[in-house]
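Participant: So that we are looking at the same thing, I have put the structure below in C-alpha cells.
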Amino acid sequence: MFENAFNNIDKVMRNDEGLASELDYAEQTSWLLFLKYLDDMETEWADEAALEGRSYTPVLDAPYRWRAWAAPKKADGTPDHHAARTGEDLVDFVNNNLFAWLKQFRDSADSADTLEYKIGEIFSEIVNKFRSGYTLRDAIDIVDGLNFNSQRAKHELSDLYETRIKRMGNAGRNGGEYYTPRPLIRAMVRVVAPKLGETIYDGACGSCGFLCEAFEYLRRDDLSASEWNRLQRRTLYGQEKKSLAYVIGVMNMILHGIDTPNIRHTNTLTEDVMAIQHKDRHDIVLANPPFGGGERKEVQQNFPIKSGETAYLFLQHFMRKLKAGGRGAVVIKNTFLSNTDHASVALRKELLETCNLHTVLDCPSGTFQGAGVKTVVLCFEKGAKTRKTWYYQLDPGRSLGKTNPLNDDDLAEFVKLQATKADSAQSWTVPAKDIDQTAWDLSVKNPNAPEAAPLREPAQIIADMLARDAETAKILEEIRGML
C-alpha cells in the first residue's frame, strides 16, 4: 500500500512545473510527511494524556493542524471536499499563512532541542515549490492516506523513504553528499559496537543514515521504559549545515521511530575545536564528512591544522569530540593516507599519536555512486597511541554501480575478520614502528596480492617484436609455396 502511495506521489509531482528533480521530490514529500506525522502524533499524545487524567495542549493551533487545512473530515470521518482548500486558495494559504506561522516557532521555542524549535527551523529553511494548488491537493490526499500510528507502518515508510534518499543522492552531483551506502554504515556500526547508555554523534549527519542505523542496532523489544526513553532522547546527536539535508535527516529519523531527533541545523566547523569541553564529548563518532569543498579562512582558524579540505577539518573535530576511550569510524578519501602536503602529514601524525588507528577499510571504486572518488574507513579509539593497524582491502568481485550496489554480503568477511584482526588474502597488519615517521604514509599496499610481472627492458621488447616479424614472414613464405 505504502509503495503505491509513494509511486503515486511521484506521478503527481511530475505534473507540477515547480518540481524539477529528485531533490525537489524528496524535499516536498518531506514537509508533507512531517505535518501529517505531527498531526497523528498529536492525536496519540492527546489520547495518552486523557488516559492518565491530565490535560494536553496541542503543539499546533487548530487552524494550522493537518486535519484543519489539509484534510478536513466530516462527522463520520469521511473527507469533507467542500471544506478542503484547493487551487490558488490552497497555495496562497500554504505560502502566506501556514509556512509563515510555522517559522515563528524558531524564535519562540525554549531551546534548540525541542520539537517546537525543529518545526520552526524546518519551515524557515524550505519553501513550498508546488505551483499548482490542484497538484498539491492531489499530493496531500495521497499523504493523508498514510498512517504513522504503528511501528510496522513507520518501518515500511522508513524503507520507502530511504529509497527516495538513495535516488536523490544518485541524482545529485555528488551521491555521497546525500547517501552513504547502508551496508557500509551497518558494517561501521558493528565495528564500533555501541552499547545502550553511550552517546553517538555525527557532525555531518546529512540524511542521518548513521544515526538511524545505530538506533536500529540498539533497539530491542525487551528495553525498559527508562532505557527506551534514553535511546530516544539522550543517545543520538547530529549536526548538519545544509537546509535540504537537515529537513530530510529529521524526517528520516522520525520515520525510523525517533520522535524528537537531536539534530541541529548548524555549520559544525564554526566551533573552535580547542574549546570543546568534556561535557560536549561523545562515546562514539560515526560519520561520512563531505569531500573537497572548502571553508573560509576564519573557519580554518578554529583548527590547529589549517586546510582547505573540509574532510580534514571534520576529522580534527571528530577526534576532539570523542571522550577518552571513545570509538570512531569515519569515511575519508583514500588520498588522505599518502598525500604529502603539510596538512595531510600533520593530521596523520596526530591521528596515530593521539588515537589507536586499529582498522583501515579500503573501499573499491563505485562504493559511492556518483562521487567519483575512492574512499577508506578509518576506525580508531581515542587516548592511546597506534601500535599496529589492520588493513582490509574490500573486493566484491564485481564492478560496483547503480545496478550492482554494495550489499551486506560483500562486507560479511570484513566484519568477521575485523573482530580478531586476522590476516587473509585481503587483510594484513602493519606495525606502527614500520611507518616512516617523516611522511607518516599509511598507503594501502596489500603484501598478499600476487606480484605483478616485472616490466621488460626496451631492448628485449624490440627483440621480441623482430622475432615475431621473422616468424610471420616465414609462415607467409610457406603459404606462398603451397599456392
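A note on labels: chains of the C-alpha cells are A, B, ... as shown, every chain counts residues from 1, and ligands are counted from 1 in their shown order.
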In region 157-351 of chain A, what's helix (DSSP H, G or I) per DSSP? Answer as a PyMOL selection string?

Facilitator: chain A and resi 157-171+175-178+182-192+209-218+225-233+243-255+268-270+273-275+278-280+297-300+310-321+334-337+342-351

Participant: Excluding Lys445 (chain A) and its own-chain neighbours fewer than 6 positions away, which residues fall within 12 Å of it when counting only C-alpha atoms? Please give them as a PyMOL selection string.

Facilitator: chain A and resi 337-338+360+362+390-393+426-430+451

Participant: I'd like the contact shell of Lys333 (chain A) - 12 Å cut-off, only C-alpha atoms, skipping same-chain residues fewer than 2 positions apart - returned as a count of residues only.

Facilitator: 36

Participant: Under the rule that only C-alpha atoms are counted, which of A:Lys241, A:Lys402, A:Lys474, A:Lys433 is the nearest residue to Lys166 (chain A)?

Facilitator: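 Looking at the shortest contact to Lys166 (chain A), the residue is A:Lys402.
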
Participant: Excluding region 65-81 of chain A and any residue of its chain fewer than 4 positions from it, enumerate the residues within 12 Å of it, using only C-alpha atoms, and give them as a ChimeraX atom specification.

Facilitator: /A:31-43,58-61,85-86,89-94,97-99,101-102,133,136-145

Participant: Take the selection from the previous step and output its residues with N, CA and C atoms, as a CSV table (one decimal), in the first residue's frame.

Facilitator:
chain,number,residue,atom,x,y,z
A,31,TRP,N,8.2,17.7,3.8
A,31,TRP,CA,7.4,18.6,4.7
A,31,TRP,C,5.9,18.2,4.8
A,32,LEU,N,5.4,17.5,3.7
A,32,LEU,CA,4.1,17.0,3.8
A,32,LEU,C,4.0,15.8,4.8
A,33,LEU,N,5.0,14.9,4.7
A,33,LEU,CA,5.0,13.8,5.6
A,33,LEU,C,5.2,14.3,7.1
A,34,PHE,N,6.0,15.3,7.2
A,34,PHE,CA,6.3,15.8,8.6
A,34,PHE,C,5.0,16.3,9.2
A,35,LEU,N,4.2,17.1,8.5
A,35,LEU,CA,3.0,17.7,9.1
A,35,LEU,C,1.9,16.6,9.3
A,36,LYS,N,1.8,15.6,8.4
A,36,LYS,CA,0.9,14.5,8.6
A,36,LYS,C,1.3,13.7,9.9
A,37,TYR,N,2.6,13.4,10.0
A,37,TYR,CA,3.1,12.7,11.1
A,37,TYR,C,2.8,13.5,12.4
A,38,LEU,N,3.1,14.8,12.4
A,38,LEU,CA,2.9,15.6,13.6
A,38,LEU,C,1.4,15.6,14.0
A,39,ASP,N,0.5,15.6,13.1
A,39,ASP,CA,-0.9,15.5,13.4
A,39,ASP,C,-1.3,14.2,14.0
A,40,ASP,N,-0.8,13.1,13.5
A,40,ASP,CA,-1.0,11.8,14.0
A,40,ASP,C,-0.5,11.6,15.4
A,41,MET,N,0.7,12.2,15.6
A,41,MET,CA,1.4,12.1,17.0
A,41,MET,C,0.6,13.0,18.0
A,42,GLU,N,0.1,14.1,17.5
A,42,GLU,CA,-0.7,15.0,18.5
A,42,GLU,C,-1.9,14.2,18.9
A,43,THR,N,-2.5,13.5,18.0
A,43,THR,CA,-3.7,12.7,18.4
A,43,THR,C,-3.3,11.6,19.4
A,58,PRO,N,-2.1,21.1,22.4
A,58,PRO,CA,-1.5,20.8,21.1
A,58,PRO,C,-0.4,21.7,20.8
A,59,VAL,N,0.6,21.2,20.1
A,59,VAL,CA,1.8,22.0,19.7
A,59,VAL,C,1.3,23.0,18.6
A,60,LEU,N,0.5,22.6,17.7
A,60,LEU,CA,0.0,23.5,16.7
A,60,LEU,C,-1.4,24.0,17.0
A,61,ASP,N,-1.7,25.3,16.7
A,61,ASP,CA,-3.0,25.8,16.9
A,61,ASP,C,-4.0,25.2,15.9
A,85,ARG,N,-9.4,23.2,1.0
A,85,ARG,CA,-8.8,24.2,0.1
A,85,ARG,C,-8.2,23.5,-1.1
A,86,THR,N,-8.2,24.1,-2.3
A,86,THR,CA,-7.5,23.6,-3.4
A,86,THR,C,-7.2,24.8,-4.4
A,89,ASP,N,-6.3,29.1,-3.8
A,89,ASP,CA,-6.6,29.3,-2.4
A,89,ASP,C,-5.7,28.4,-1.5
A,90,LEU,N,-5.4,27.2,-1.9
A,90,LEU,CA,-4.5,26.3,-1.2
A,90,LEU,C,-3.1,26.8,-1.2
A,91,VAL,N,-2.6,27.1,-2.4
A,91,VAL,CA,-1.2,27.6,-2.5
A,91,VAL,C,-1.0,28.9,-1.7
A,92,ASP,N,-2.0,29.8,-1.8
A,92,ASP,CA,-1.9,31.1,-1.0
A,92,ASP,C,-1.9,30.8,0.5
A,93,PHE,N,-2.7,29.9,1.0
A,93,PHE,CA,-2.7,29.6,2.4
A,93,PHE,C,-1.4,29.0,2.9
A,94,VAL,N,-0.9,28.1,2.1
A,94,VAL,CA,0.4,27.4,2.5
A,94,VAL,C,1.6,28.4,2.5
A,97,ASN,N,0.3,31.9,4.9
A,97,ASN,CA,-0.2,31.7,6.3
A,97,ASN,C,0.5,30.6,7.0
A,98,LEU,N,0.4,29.4,6.4
A,98,LEU,CA,0.9,28.2,7.1
A,98,LEU,C,2.4,28.3,7.4
A,99,PHE,N,3.2,28.5,6.3
A,99,PHE,CA,4.7,28.5,6.5
A,99,PHE,C,5.1,29.7,7.4
A,101,TRP,N,3.4,31.1,9.8
A,101,TRP,CA,3.1,30.8,11.2
A,101,TRP,C,4.1,29.7,11.8
A,102,LEU,N,4.4,28.7,11.0
A,102,LEU,CA,5.3,27.7,11.5
A,102,LEU,C,6.7,28.2,11.7
A,133,GLY,N,-2.0,24.5,-7.2
A,133,GLY,CA,-2.8,24.1,-6.0
A,133,GLY,C,-3.5,22.8,-6.2
A,136,LEU,N,-0.9,20.1,-5.7
A,136,LEU,CA,-0.6,20.0,-4.2
A,136,LEU,C,-1.8,19.3,-3.5
A,137,ARG,N,-3.0,19.6,-3.9
A,137,ARG,CA,-4.2,18.9,-3.4
A,137,ARG,C,-4.1,17.4,-3.6
A,138,ASP,N,-3.7,17.0,-4.8
A,138,ASP,CA,-3.6,15.5,-5.1
A,138,ASP,C,-2.5,14.9,-4.2
A,139,ALA,N,-1.4,15.6,-4.0
A,139,ALA,CA,-0.3,15.0,-3.2
A,139,ALA,C,-0.8,14.9,-1.7
A,140,ILE,N,-1.5,15.9,-1.2
A,140,ILE,CA,-2.0,15.9,0.1
A,140,ILE,C,-2.9,14.8,0.4
A,141,ASP,N,-3.8,14.5,-0.6
A,141,ASP,CA,-4.8,13.4,-0.5
A,141,ASP,C,-4.1,12.1,-0.4
A,142,ILE,N,-3.0,11.9,-1.1
A,142,ILE,CA,-2.3,10.7,-1.0
A,142,ILE,C,-1.6,10.5,0.4
A,143,VAL,N,-0.9,11.6,0.8
A,143,VAL,CA,-0.2,11.6,2.1
A,143,VAL,C,-1.2,11.3,3.2
A,144,ASP,N,-2.4,11.9,3.1
A,144,ASP,CA,-3.4,11.8,4.2
A,144,ASP,C,-3.8,10.3,4.4
A,145,GLY,N,-3.6,9.5,3.4
A,145,GLY,CA,-3.9,8.1,3.5
A,145,GLY,C,-2.9,7.2,4.2

Participant: Ranking A:Gln104, A:Glu156, A:Arg190, A:Leu351 by minimum distance to Ala432 (chain A) and counting only C-alpha atoms, which one comes first?

Facilitator: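 Closest to Ala432 (chain A) of all the choices is A:Leu351.
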
Participant: How many Å separate CA of Asp107 (chain A) from CA of Tyr25 (chain A)?

Facilitator: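 Here the two named atoms are 28.3 Å from each other.
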
Participant: Using only C-alpha atoms, pick whichever of A:Ile332, A:Ile122, A:Leu160, A:Ile462 has the shortest atom-to-atom distance to Asn7 (chain A).

Facilitator: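 Comparing A:Ile332, A:Ile122, A:Leu160, A:Ile462 against Asn7 (chain A), the winner is A:Leu160.
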
Participant: With a distance cut-off of 12 Å and only C-alpha atoms, select the neighbouring residues of Arg387 (chain A), excluding the residue or stretch itself and same-chain residues fewer than 3 positions from it, and output the selection as a list in words.

Facilitator: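 Once the adjacent positions are removed, what remains is Leu351, Leu352, Glu353, Thr354, Cys355, Asn356, Leu357, His358, Thr359, Phe380, Glu381, Ala384, Trp390, Thr429, Val430, Pro431, Ala432, Lys433, Asp434 and Ile435 of chain A.
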
Participant: Given only C-alpha atoms as the basis, pick out the residue of A:Ile126, A:Met253, A:Met188, A:Val285 nearest to Gln316 (chain A).

Facilitator: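 Residue with the minimum atom-to-atom distance to Gln316 (chain A): A:Val285.
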
Participant: Excluding Lys321 (chain A) and its own-chain neighbours fewer than 3 positions away, which residues fall within 9 Å of it when counting only C-alpha atoms? Please give them as a list in words.

Facilitator: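 The contact residues come out as Tyr201, Val273, Ile276, Gln277, His278, Asp280, Arg281, His282, Asp283, Ile284, Val285, Gln316, His317 and Phe318 of chain A.
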
Participant: Quick one: write out the picked residues with C-alpha atoms as a PDB file, in the first residue's frame?

Facilitator:
ATOM      1  CA  TYR A 201      27.490  11.666  17.305  1.00  0.00           C
ATOM      2  CA  VAL A 273      37.852  22.611  18.478  1.00  0.00           C
ATOM      3  CA  ILE A 276      35.453  21.636  23.250  1.00  0.00           C
ATOM      4  CA  GLN A 277      34.871  20.562  26.867  1.00  0.00           C
ATOM      5  CA  HIS A 278      34.277  17.136  28.393  1.00  0.00           C
ATOM      6  CA  ASP A 280      30.451  18.266  24.846  1.00  0.00           C
ATOM      7  CA  ARG A 281      32.145  14.950  24.038  1.00  0.00           C
ATOM      8  CA  HIS A 282      30.641  11.637  22.985  1.00  0.00           C
ATOM      9  CA  ASP A 283      31.422   7.937  23.287  1.00  0.00           C
ATOM     10  CA  ILE A 284      31.135   7.199  19.571  1.00  0.00           C
ATOM     11  CA  VAL A 285      31.569   9.111  16.328  1.00  0.00           C
ATOM     12  CA  GLN A 316      40.118  17.070  13.644  1.00  0.00           C
ATOM     13  CA  HIS A 317      36.687  17.935  15.039  1.00  0.00           C
ATOM     14  CA  PHE A 318      35.734  14.280  15.449  1.00  0.00           C
TER      15      PHE A 318
END

Participant: Pull the strand (DSSP E) assignments for region 319-366 of chain A out of DSSP run on the backbone, and list those residues as an MDAnalysis selection string.

Facilitator: chainID A and resid 322:333 355:362

Participant: Go through A:Leu218, A:Ala346, A:Ala83, A:Ala204 one by one, measure the shortest atom-to-atom distance of each to Arg186 (chain A) using only C-alpha atoms, and give the residue with the smallest value.

Facilitator: A:Leu218
